[in-house]
Each structure stands twice: as C-alpha cells, then as structure tokens.
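J.: Coordinates in final.txt, compact mmCIF, C-alpha atoms, are listed below.
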# COMPACT_ATOMS: atom_id res chain seq x y z
CA MET M 1 1.87 28.26 28.73
CA GLU M 2 2.79 30.84 31.35
CA THR M 3 2.37 33.93 29.22
CA SER M 4 -0.71 36.09 29.17
CA ALA M 5 -3.57 35.30 26.82
CA LEU M 6 -2.90 38.75 25.42
CA GLU M 7 0.41 39.96 24.10
CA PRO M 8 1.65 42.52 26.69
CA HIS M 9 3.05 44.92 24.09
CA LYS M 10 -0.32 45.05 22.32
CA ALA M 11 -2.15 45.77 25.56
CA LYS M 12 0.37 48.50 26.42
CA ARG M 13 -0.08 50.18 23.04
CA GLY M 14 -3.84 50.14 23.49
CA GLU M 15 -3.58 51.55 27.01
CA LYS M 16 -1.27 54.33 25.83
CA THR M 17 -3.66 55.56 23.11
CA THR M 18 -6.56 55.30 25.55
CA ILE M 19 -4.83 57.51 28.12
CA THR M 20 -4.02 60.02 25.36
CA GLY M 21 -7.70 60.14 24.43
CA ILE M 22 -8.74 60.69 28.05
CA LEU M 23 -6.36 63.64 28.49
CA VAL M 24 -7.49 65.25 25.22
CA ASN M 25 -11.16 64.82 26.14
CA ILE M 26 -10.70 66.44 29.55
CA GLY M 27 -9.42 69.55 27.79
CA LEU M 28 -12.20 69.44 25.17
CA VAL M 29 -14.95 69.13 27.77
CA LEU M 30 -13.76 72.32 29.45
CA VAL M 31 -13.31 74.23 26.17
CA LYS M 32 -16.60 73.14 24.57
CA GLY M 33 -18.66 73.47 27.74
CA LEU M 34 -17.42 77.00 28.44
CA ALA M 35 -17.73 78.07 24.78
CA GLY M 36 -21.26 76.63 24.58
CA TRP M 37 -22.35 78.43 27.75
CA LEU M 38 -20.82 81.78 26.78
CA GLY M 39 -21.89 81.41 23.12
CA HIS M 40 -25.51 80.32 23.84
CA SER M 41 -25.15 77.06 21.87
CA TYR M 42 -26.75 73.88 23.16
CA ALA M 43 -25.23 71.97 20.24
CA LEU M 44 -21.80 72.85 21.63
CA ILE M 45 -22.86 71.97 25.18
CA ALA M 46 -24.19 68.64 23.85
CA ASP M 47 -20.84 68.17 22.18
CA ALA M 48 -19.15 68.72 25.55
CA MET M 49 -21.45 66.11 27.07
CA GLU M 50 -20.42 63.66 24.35
CA SER M 51 -16.76 64.29 25.16
CA ALA M 52 -17.53 63.69 28.84
CA THR M 53 -18.93 60.26 27.98
CA ASP M 54 -15.75 59.70 25.96
CA ILE M 55 -13.77 60.05 29.19
CA ILE M 56 -15.95 57.51 31.00
CA THR M 57 -15.94 54.99 28.15
CA SER M 58 -12.20 55.38 27.64
CA LEU M 59 -11.80 54.43 31.29
CA PHE M 60 -13.90 51.32 30.52
CA VAL M 61 -11.55 50.52 27.66
CA TRP M 62 -8.46 51.07 29.81
CA ILE M 63 -9.80 48.78 32.55
CA GLY M 64 -10.82 46.20 29.93
CA LEU M 65 -7.36 46.17 28.36
CA ARG M 66 -5.60 45.82 31.72
CA THR M 67 -7.93 43.00 32.75
CA ALA M 68 -7.60 41.22 29.41
CA ALA M 69 -3.80 41.33 29.67
CA LYS M 70 -3.78 39.25 32.86
CA ALA M 71 -2.25 35.80 32.55
CA PRO M 72 -4.49 32.70 32.60
CA ASP M 73 -5.22 31.36 36.07
CA LYS M 74 -7.02 28.41 37.67
CA ASN M 75 -10.47 29.96 37.21
CA HIS M 76 -9.71 31.43 33.77
CA PRO M 77 -7.60 28.84 31.89
CA PHE M 78 -8.27 30.59 28.56
CA GLY M 79 -7.18 33.94 29.98
CA HIS M 80 -9.18 37.12 30.60
CA GLY M 81 -9.40 38.23 26.97
CA LYS M 82 -13.20 38.51 26.93
CA ALA M 83 -12.86 41.62 29.11
CA GLU M 84 -11.65 43.45 26.00
CA PRO M 85 -14.78 43.05 23.79
CA LEU M 86 -16.92 43.45 26.92
CA ALA M 87 -15.37 46.92 27.36
CA ALA M 88 -16.28 47.70 23.75
CA ILE M 89 -19.90 46.71 24.42
CA LEU M 90 -19.98 49.02 27.44
CA VAL M 91 -18.70 51.81 25.17
CA SER M 92 -21.56 51.21 22.71
CA MET M 93 -24.12 51.27 25.53
CA ALA M 94 -22.68 54.53 26.87
CA LEU M 95 -22.92 56.02 23.36
CA VAL M 96 -26.61 55.12 23.14
CA GLY M 97 -27.19 56.68 26.56
CA ALA M 98 -25.42 59.88 25.49
CA ALA M 99 -27.43 59.98 22.26
CA ILE M 100 -30.74 59.68 24.14
CA LEU M 101 -29.74 62.43 26.58
CA ILE M 102 -28.71 64.75 23.74
CA ALA M 103 -31.90 64.03 21.76
CA VAL M 104 -34.20 64.71 24.73
CA GLN M 105 -32.48 67.98 25.61
CA SER M 106 -32.41 69.06 21.95
CA ILE M 107 -36.19 68.60 21.66
CA ARG M 108 -36.69 70.65 24.81
CA ASN M 109 -34.51 73.45 23.46
CA ILE M 110 -36.29 73.44 20.09
CA GLN M 111 -39.54 74.11 21.96
CA THR M 112 -37.96 76.91 24.03
CA PRO M 113 -37.01 80.24 22.35
CA HIS M 114 -33.38 81.25 22.92
CA GLN M 115 -30.59 83.41 21.52
CA ILE M 116 -28.70 82.80 18.29
CA PRO M 117 -25.30 81.21 19.06
CA ALA M 118 -22.25 83.51 19.02
CA PRO M 119 -20.02 83.41 15.87
CA PHE M 120 -16.89 82.47 17.84
CA THR M 121 -18.42 79.04 18.57
CA LEU M 122 -17.73 78.11 14.93
CA VAL M 123 -13.99 78.56 15.46
CA VAL M 124 -14.13 76.33 18.53
CA LEU M 125 -16.06 73.65 16.65
CA ALA M 126 -13.70 73.70 13.68
CA GLY M 127 -10.78 73.09 16.02
CA VAL M 128 -12.64 70.28 17.79
CA VAL M 129 -13.45 68.50 14.52
CA LEU M 130 -9.79 68.63 13.50
CA VAL M 131 -8.52 67.35 16.88
CA LYS M 132 -11.09 64.56 17.06
CA GLU M 133 -10.53 63.36 13.52
CA VAL M 134 -6.77 63.18 14.09
CA LEU M 135 -7.39 61.29 17.33
CA PHE M 136 -9.79 58.90 15.59
CA ARG M 137 -7.30 58.09 12.82
CA ARG M 138 -4.43 57.53 15.25
CA ILE M 139 -6.36 55.30 17.66
CA SER M 140 -8.13 53.44 14.85
CA LYS M 141 -4.76 52.60 13.30
CA VAL M 142 -3.51 51.19 16.61
CA GLY M 143 -6.76 49.24 17.02
CA GLU M 144 -6.31 47.63 13.60
CA GLU M 145 -2.65 46.82 14.25
CA VAL M 146 -3.25 45.15 17.61
CA GLU M 147 -6.66 43.71 16.56
CA SER M 148 -8.46 45.14 19.57
CA SER M 149 -12.23 45.61 19.44
CA ALA M 150 -12.07 47.83 22.54
CA VAL M 151 -9.46 50.17 21.04
CA LYS M 152 -11.42 50.31 17.77
CA ALA M 153 -14.54 51.15 19.78
CA ASP M 154 -12.66 53.93 21.54
CA ALA M 155 -11.59 55.28 18.14
CA TRP M 156 -15.16 55.26 16.83
CA HIS M 157 -16.32 57.11 19.90
CA HIS M 158 -13.92 59.90 18.93
CA ARG M 159 -15.30 59.81 15.39
CA SER M 160 -18.85 60.18 16.74
CA ASP M 161 -17.65 63.23 18.68
CA ALA M 162 -16.21 64.68 15.48
CA ILE M 163 -19.55 64.10 13.73
CA THR M 164 -21.42 65.77 16.59
CA SER M 165 -19.11 68.79 16.31
CA LEU M 166 -19.49 68.92 12.54
CA THR M 167 -23.29 68.88 12.68
CA ALA M 168 -23.16 71.56 15.38
CA PHE M 169 -20.96 73.66 13.07
CA VAL M 170 -23.54 73.34 10.28
CA GLY M 171 -26.45 74.11 12.63
CA ILE M 172 -24.82 77.21 14.10
CA SER M 173 -23.85 78.41 10.61
CA ILE M 174 -27.49 78.14 9.51
CA ALA M 175 -28.63 80.02 12.61
CA LEU M 176 -26.12 82.84 12.01
CA ILE M 177 -26.90 83.13 8.29
CA GLY M 178 -30.68 82.83 8.72
CA GLY M 179 -30.89 85.23 11.64
CA PRO M 180 -34.07 85.62 13.73
CA GLY M 181 -36.32 82.59 13.40
CA TYR M 182 -33.38 80.20 12.95
CA GLU M 183 -32.24 80.19 16.60
CA SER M 184 -33.04 76.50 17.02
CA ALA M 185 -30.94 75.36 14.04
CA ASP M 186 -28.09 74.24 16.28
CA ASP M 187 -30.58 72.28 18.43
CA TRP M 188 -31.81 70.48 15.31
CA ALA M 189 -28.17 69.79 14.52
CA ALA M 190 -27.65 68.23 17.95
CA LEU M 191 -30.77 66.10 17.44
CA PHE M 192 -29.49 64.97 14.05
CA ALA M 193 -26.09 64.15 15.58
CA SER M 194 -27.72 61.87 18.16
CA GLY M 195 -28.82 59.62 15.30
CA PHE M 196 -25.25 59.37 14.04
CA ILE M 197 -24.08 58.48 17.54
CA VAL M 198 -26.55 55.57 17.73
CA PHE M 199 -25.34 54.34 14.33
CA ASN M 200 -21.74 54.41 15.56
CA ALA M 201 -22.81 52.58 18.71
CA TYR M 202 -24.12 49.72 16.58
CA HIS M 203 -20.92 49.78 14.53
CA ILE M 204 -19.01 49.19 17.79
CA PHE M 205 -21.46 46.71 19.33
CA ARG M 206 -21.87 44.22 16.48
CA PRO M 207 -18.28 42.88 16.13
CA SER M 208 -17.73 42.97 19.90
CA PHE M 209 -20.88 40.95 20.53
CA GLY M 210 -19.77 38.48 17.84
CA GLU M 211 -16.46 38.03 19.66
CA ILE M 212 -18.22 37.45 22.99
CA MET M 213 -20.35 34.79 21.27
CA ASP M 214 -17.25 33.10 19.75
CA GLU M 215 -18.26 34.01 16.20
CA THR M 216 -15.76 32.84 13.57
CA PRO M 217 -13.36 35.78 12.99
CA ALA M 218 -13.15 37.44 9.59
CA GLY M 219 -10.59 36.07 7.16
CA ASN M 220 -9.97 32.99 5.02
CA TRP M 221 -9.05 30.77 7.96
CA GLN M 222 -9.92 27.44 6.33
CA GLN M 223 -7.62 27.91 3.34
CA ASP M 224 -4.84 29.41 5.46
CA LEU M 225 -4.90 26.51 7.93
CA LYS M 226 -5.03 23.94 5.15
CA THR M 227 -2.06 25.51 3.38
CA ILE M 228 0.00 25.57 6.58
CA ALA M 229 -0.94 22.01 7.60
CA LEU M 230 -0.02 20.59 4.18
CA THR M 231 3.57 21.76 4.65
CA ILE M 232 3.97 18.99 7.26
CA PRO M 233 4.95 15.54 5.86
CA GLN M 234 2.20 12.87 6.06
CA VAL M 235 -0.58 15.47 6.38
CA ARG M 236 -3.24 14.92 3.71
CA GLY M 237 -5.54 17.81 4.58
CA ILE M 238 -7.87 19.21 7.25
CA GLU M 239 -11.29 17.76 7.96
CA LYS M 240 -12.78 20.47 10.14
CA PHE M 241 -11.71 23.49 12.15
CA ARG M 242 -12.93 26.02 14.69
CA VAL M 243 -11.44 29.44 15.38
CA ARG M 244 -12.37 31.92 18.08
CA LYS M 245 -10.89 35.23 19.13
CA THR M 246 -10.20 36.07 22.76
CA GLY M 247 -8.83 39.56 23.33
CA PHE M 248 -5.95 40.12 20.93
CA GLU M 249 -5.33 36.46 20.13
CA TYR M 250 -6.90 33.35 18.63
CA PHE M 251 -7.61 29.77 19.73
CA ILE M 252 -7.90 27.03 17.08
CA ASP M 253 -9.34 23.49 17.13
CA LEU M 254 -8.21 21.56 14.06
CA HIS M 255 -8.84 18.04 12.70
CA VAL M 256 -5.96 16.86 10.48
CA THR M 257 -6.12 13.78 8.21
CA VAL M 258 -3.07 11.49 8.02
CA PRO M 259 -2.41 7.95 6.71
CA GLY M 260 -4.27 5.43 8.84
CA ASN M 261 -1.30 3.10 9.34
CA LEU M 262 0.77 5.58 11.40
CA THR M 263 1.64 4.82 15.01
CA VAL M 264 0.32 6.85 17.92
CA THR M 265 3.81 8.29 18.39
CA GLN M 266 4.00 9.38 14.75
CA GLY M 267 0.54 10.95 14.92
CA HIS M 268 1.49 12.77 18.11
CA ALA M 269 4.62 14.17 16.45
CA ILE M 270 2.62 15.33 13.42
CA ALA M 271 0.09 17.09 15.66
CA HIS M 272 2.88 19.00 17.41
CA ALA M 273 4.46 19.90 14.06
CA VAL M 274 1.16 21.25 12.71
CA LYS M 275 0.61 23.29 15.86
CA ALA M 276 4.12 24.75 15.71
CA ALA M 277 3.77 25.59 12.00
CA ILE M 278 0.48 27.43 12.56
CA MET M 279 1.79 29.40 15.53
CA ASP M 280 4.94 30.35 13.59
CA ALA M 281 2.92 31.49 10.56
CA LYS M 282 0.29 33.31 12.62
CA PRO M 283 1.85 34.97 15.69
CA ALA M 284 -1.59 36.13 16.93
CA VAL M 285 -2.59 32.48 17.51
CA TYR M 286 -2.24 31.65 21.22
CA ASP M 287 -3.02 27.93 21.14
CA VAL M 288 -3.89 25.14 18.67
CA LEU M 289 -5.60 21.89 19.59
CA VAL M 290 -4.91 19.30 16.85
CA HIS M 291 -6.97 16.12 16.49
CA ILE M 292 -5.56 13.42 14.24
CA GLU M 293 -7.97 11.68 11.85
CA PRO M 294 -7.05 8.54 9.81
CA GLU M 295 -7.29 9.09 6.07
How does the structure come out when it is put into structure tokens?
T.:
Amino acid sequence: METSALEPHKAKRGEKTTITGILVNIGLVLVKGLAGWLGHSYALIADAMESATDIITSLFVWIGLRTAAKAPDKNHPFGHGKAEPLAAILVSMALVGAAILIAVQSIRNIQTPHQIPAPFTLVVLAGVVLVKEVLFRRISKVGEEVESSAVKADAWHHRSDAITSLTAFVGISIALIGGPGYESADDWAALFASGFIVFNAYHIFRPSFGEIMDETPAGNWQQDLKTIALTIPQVRGIEKFRVRKTGFEYFIDLHVTVPGNLTVTQGHAIAHAVKAAIMDAKPAVYDVLVHIEPE
C-alpha cells in the first residue's frame, strides 16, 4: 500500500488542535506569570510554569503527529506510527518534571515568609480554569475521535493545568479569608497540585506505553473479527488472532479455519475476502494478514 500508516485527515485534525493549544498557552503563560508576580502568588507563578511546559509538550505532540503521518518506507515498512505514543510518553515525563519543580519551589516558599496574594489573582485563576477546561474537552473529543494517544495526552495536560489553577484558587482564597498566618496557603495549594499532575502523568503514560509494547487494544476484537469472518462463504471460524495499534490505525494477524479439501486458489481467495471484509467493516484497520487453517 502506498498510503501513510496514519490517515492524513486524522493527523491534520490532531495537529490543528495542538497548534490551538500552543497559542492559548503562550497567552496564559504571560497572563499568569505577570499576575502571579504582581499579586505575590507563587501558586499562580507555578501555574504559569505548568502552562510553559504545556507549550513544550504540545510541540512534542505536534512533531510526533507529523512524524507518525509519514508513509511507510524501506526502513519502516509498518510506517512511523510509534512516534505518536512516543510523543505521549514524552508529555508524561515532562509533566512529572514540572510537578517536581513545582513541589520543590512550593516547599521553599512555605519555609519563607511572604505577603498574602492580591485578591485580583482569583479573577485571573477563575478565567484560566474556564479556558483550560474548555480546551481540555475540545482536544479530548478530537483525541477520542481520531484514536490518538498523543492528542489525548495533550488534552490531559490541559486538564492538569486546570487542576493546578483550581487548587491555586482555593489556596489563595484561604489565605485571603484567614489573613495573617495563612500567607503560605497558596504554596500548599501548589504543592497539592503537583500530586495531581503526577497522577495525570501516569494516566497519560500507561496506555501509551501499552501501545509501544504492542499491547492488545481495548475492545471486543475476537468476537468482532469472528462475526466479520463468518460472513464469508466456507469460513468456519477463527482459530487465533493478534491485534496491535500503530499510531491511529491497527494491524491484524488472523488464523481462519476453512474446509480441508479446498484448493490453494480457493483458500487464497477466501483470505482476500476476509481481509477486505474486515477493512470495510473497520476503516481504522490498515492491514490484515490472514492465515488459512484446515478445519
């Protein structure tokens, strides 16, 4: 086949949402960083740092999607689809790095007396939470539709930013209500948010690592493949199967049982018919290797 191992329109949709996220995060870094500095809130500055890592990881995702969309070549006969979950793994690692940085700085600030954050920082944080949640829902929807672990990872990074902003909002609110003695409440909030970020990093890492390791994708593949194969005359059932996901698409190895008295030509025709039926029923399947077994 001469087409890419990834459907071009899926890659383009993923790239488009990724670029949108990058542009939004550039604006948020400036707004949150300036508001945190003027409003004496490390939680808000930490939030700006988290958005800065969003920009870097979104670039990872964008590069991963463009690489994964390349057509198969001599050195990569199965395509470049593994670049897509690899990008998601890089996102999870960047999240852990950001969480560690935020946690270390939060502990330092807790031990150092400082001013109570300014009230206007709450308005900024409320707006950030709203923007990030909308961004998460939009990108997550695209990630589900195109079945991209990298795009889903990018979406969850935006959700972690929303959580960081929300905990900062709570921490600053406590500091403002409590008054003197509660100055470090927003630093505790940033520390608490770092734990959420690590949790989200694992949420991104686990399915992406499974895809890199050719873990069987979720879904009732055995029953689906059996149902499709049985629509072909002379097919008695399936004996075994293997499915792996590469980028946006799937590769299948399938053993099909047929009457033992068929000719090689008849078996060959049945194998092609089974392959065509599966690829028609499941457009995300890129290739099917069918092995004929005598009944």
J.: Set the distance at 12 Å and use all atoms listed in the file: which residues neighbour Lys226 in chain M once local chain neighbours fewer than 5 positions away are removed? I'd like the list as a ChimeraX atom specification.
T.: /M:220-221,231-232,235-241,254-257,274,277-278
J.: Using only C-alpha atoms, find the one residue out of M:Val134, M:Leu86, M:Ile116, M:Leu95 that sits nearest to Ser160 in chain M.
T.: M:Leu95
J.: Could you give me, as JSON lines, every range 41-139 of chain M residue with an atom at most 9 Å from range 193-202 of chain M, plus its closest atom pair and distance in Å to one decimal, counting only C-alpha atoms, rows ordered by chain then number?
T.:
{"residue": "M:Ile89", "atom": "CA", "partner": "M:Ala201", "partner_atom": "CA", "distance": 8.7}
{"residue": "M:Val91", "atom": "CA", "partner": "M:Ala201", "partner_atom": "CA", "distance": 7.7}
{"residue": "M:Ser92", "atom": "CA", "partner": "M:Ala201", "partner_atom": "CA", "distance": 4.4}
{"residue": "M:Met93", "atom": "CA", "partner": "M:Ala201", "partner_atom": "CA", "distance": 7.1}
{"residue": "M:Ala94", "atom": "CA", "partner": "M:Ala201", "partner_atom": "CA", "distance": 8.4}
{"residue": "M:Leu95", "atom": "CA", "partner": "M:Ala201", "partner_atom": "CA", "distance": 5.8}
{"residue": "M:Val96", "atom": "CA", "partner": "M:Val198", "partner_atom": "CA", "distance": 5.4}
{"residue": "M:Gly97", "atom": "CA", "partner": "M:Val198", "partner_atom": "CA", "distance": 8.9}
{"residue": "M:Ala98", "atom": "CA", "partner": "M:Ser194", "partner_atom": "CA", "distance": 7.9}
{"residue": "M:Ala99", "atom": "CA", "partner": "M:Ser194", "partner_atom": "CA", "distance": 4.5}
{"residue": "M:Ile100", "atom": "CA", "partner": "M:Ser194", "partner_atom": "CA", "distance": 7.0}
{"residue": "M:Leu101", "atom": "CA", "partner": "M:Ser194", "partner_atom": "CA", "distance": 8.7}
{"residue": "M:Ile102", "atom": "CA", "partner": "M:Ser194", "partner_atom": "CA", "distance": 6.4}
{"residue": "M:Ala103", "atom": "CA", "partner": "M:Ser194", "partner_atom": "CA", "distance": 5.9}
J.: Which is closest to Tyr286 in chain M among M:Ala218, M:Ala271, M:Met213, M:Val243, if we use only C-alpha atoms?
T.: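 Ranking M:Ala218, M:Ala271, M:Met213, M:Val243 by distance to Tyr286 in chain M, first place goes to M:Val243.
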J.: I'd like to know which of M:Leu262, M:Ile55, M:Ala162, M:Ala155 is closest to Ile204 in chain M, using only C-alpha atoms.
T.: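 Among the listed residues, the smallest separation from Ile204 in chain M belongs to M:Ala155.
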J.: Restricting the calculation to all atoms listed in the file, which member of M:Gln111, M:Phe248, M:Val264, M:Leu44 is positioned closest to Leu166 in chain M?
T.: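 Of M:Gln111, M:Phe248, M:Val264, M:Leu44, the one nearest Leu166 in chain M, counting all atoms listed in the file, is M:Leu44.
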J.: Taking all atoms listed in the file into account, which of M:Val170, M:Leu65, M:Gln266, M:Phe120 comes nearest Lys12 in chain M?
T.: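 The shortest atom-to-atom distance to Lys12 in chain M comes from M:Leu65.
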J.: Of the candidates M:Ala150, M:Ala118, M:Val288, M:Leu135, which shows the shortest atom-to-atom distance to Ala35 in chain M, using only C-alpha atoms?
T.: M:Ala118
J.: Within 10 Å of (-29.5, 76.9, 11.1), all atoms listed in the file: residues as a PyMOL selection string?
T.: chain M and resi 116-117+168-179+181-189
J.: Write out as a PyMOL selection string the residues lying within 7 Å of Arg244 in chain M, counting only C-alpha atoms and excluding same-chain residues fewer than 2 positions away.
T.: chain M and resi 214-217+242+246+250-252
J.: Please identify all polymer residues lying at most 9 Å from the point (-11.1, 55.8, 13.6) (file coordinates), using all atoms listed in the file, and present the result as a list in words.
T.: Glu133, Val134, Leu135, Phe136, Arg137, Arg138, Ile139, Ser140, Lys141, Gly143, Lys152, Ala153, Asp154, Ala155, Trp156, His157, His158 and Arg159 of chain M
J.: Grab the CA of Gly247 in chain M to CA of His268 in chain M distance for me, in Å with one decimal place.
T.: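 Separation between CA of Gly247 in chain M and CA of His268 in chain M: 29.2 Å.
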J.: What is the distance between CA of Trp62 in chain M and CA of Glu15 in chain M, in Å to one decimal?
T.: 5.6 Å
J.: For a test of reading the model, state the distance in Å between CA of Phe60 in chain M and CA of Ile212 in chain M, rounded to one decimal.
T.: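 Spanning CA of Phe60 in chain M to CA of Ile212 in chain M is a straight-line distance of 16.4 Å.
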J.: With the cut-off set at 8 Å and counting only C-alpha atoms, tabulate each residue of range 143-224 of chain M with an atom at most that distance from an atom of range 46-53 of chain M, showing the nearest atom pair and its distance in Å to one decimal, ordered by chain and increasing number, as a tab-separated table.
T.:
residue	atom	partner	partner_atom	distance
M:Asp161	CA	M:Glu50	CA	6.3
M:Thr164	CA	M:Asp47	CA	6.1
M:Ser165	CA	M:Asp47	CA	6.2
M:Ala168	CA	M:Asp47	CA	7.9
M:Ala190	CA	M:Ala46	CA	6.9
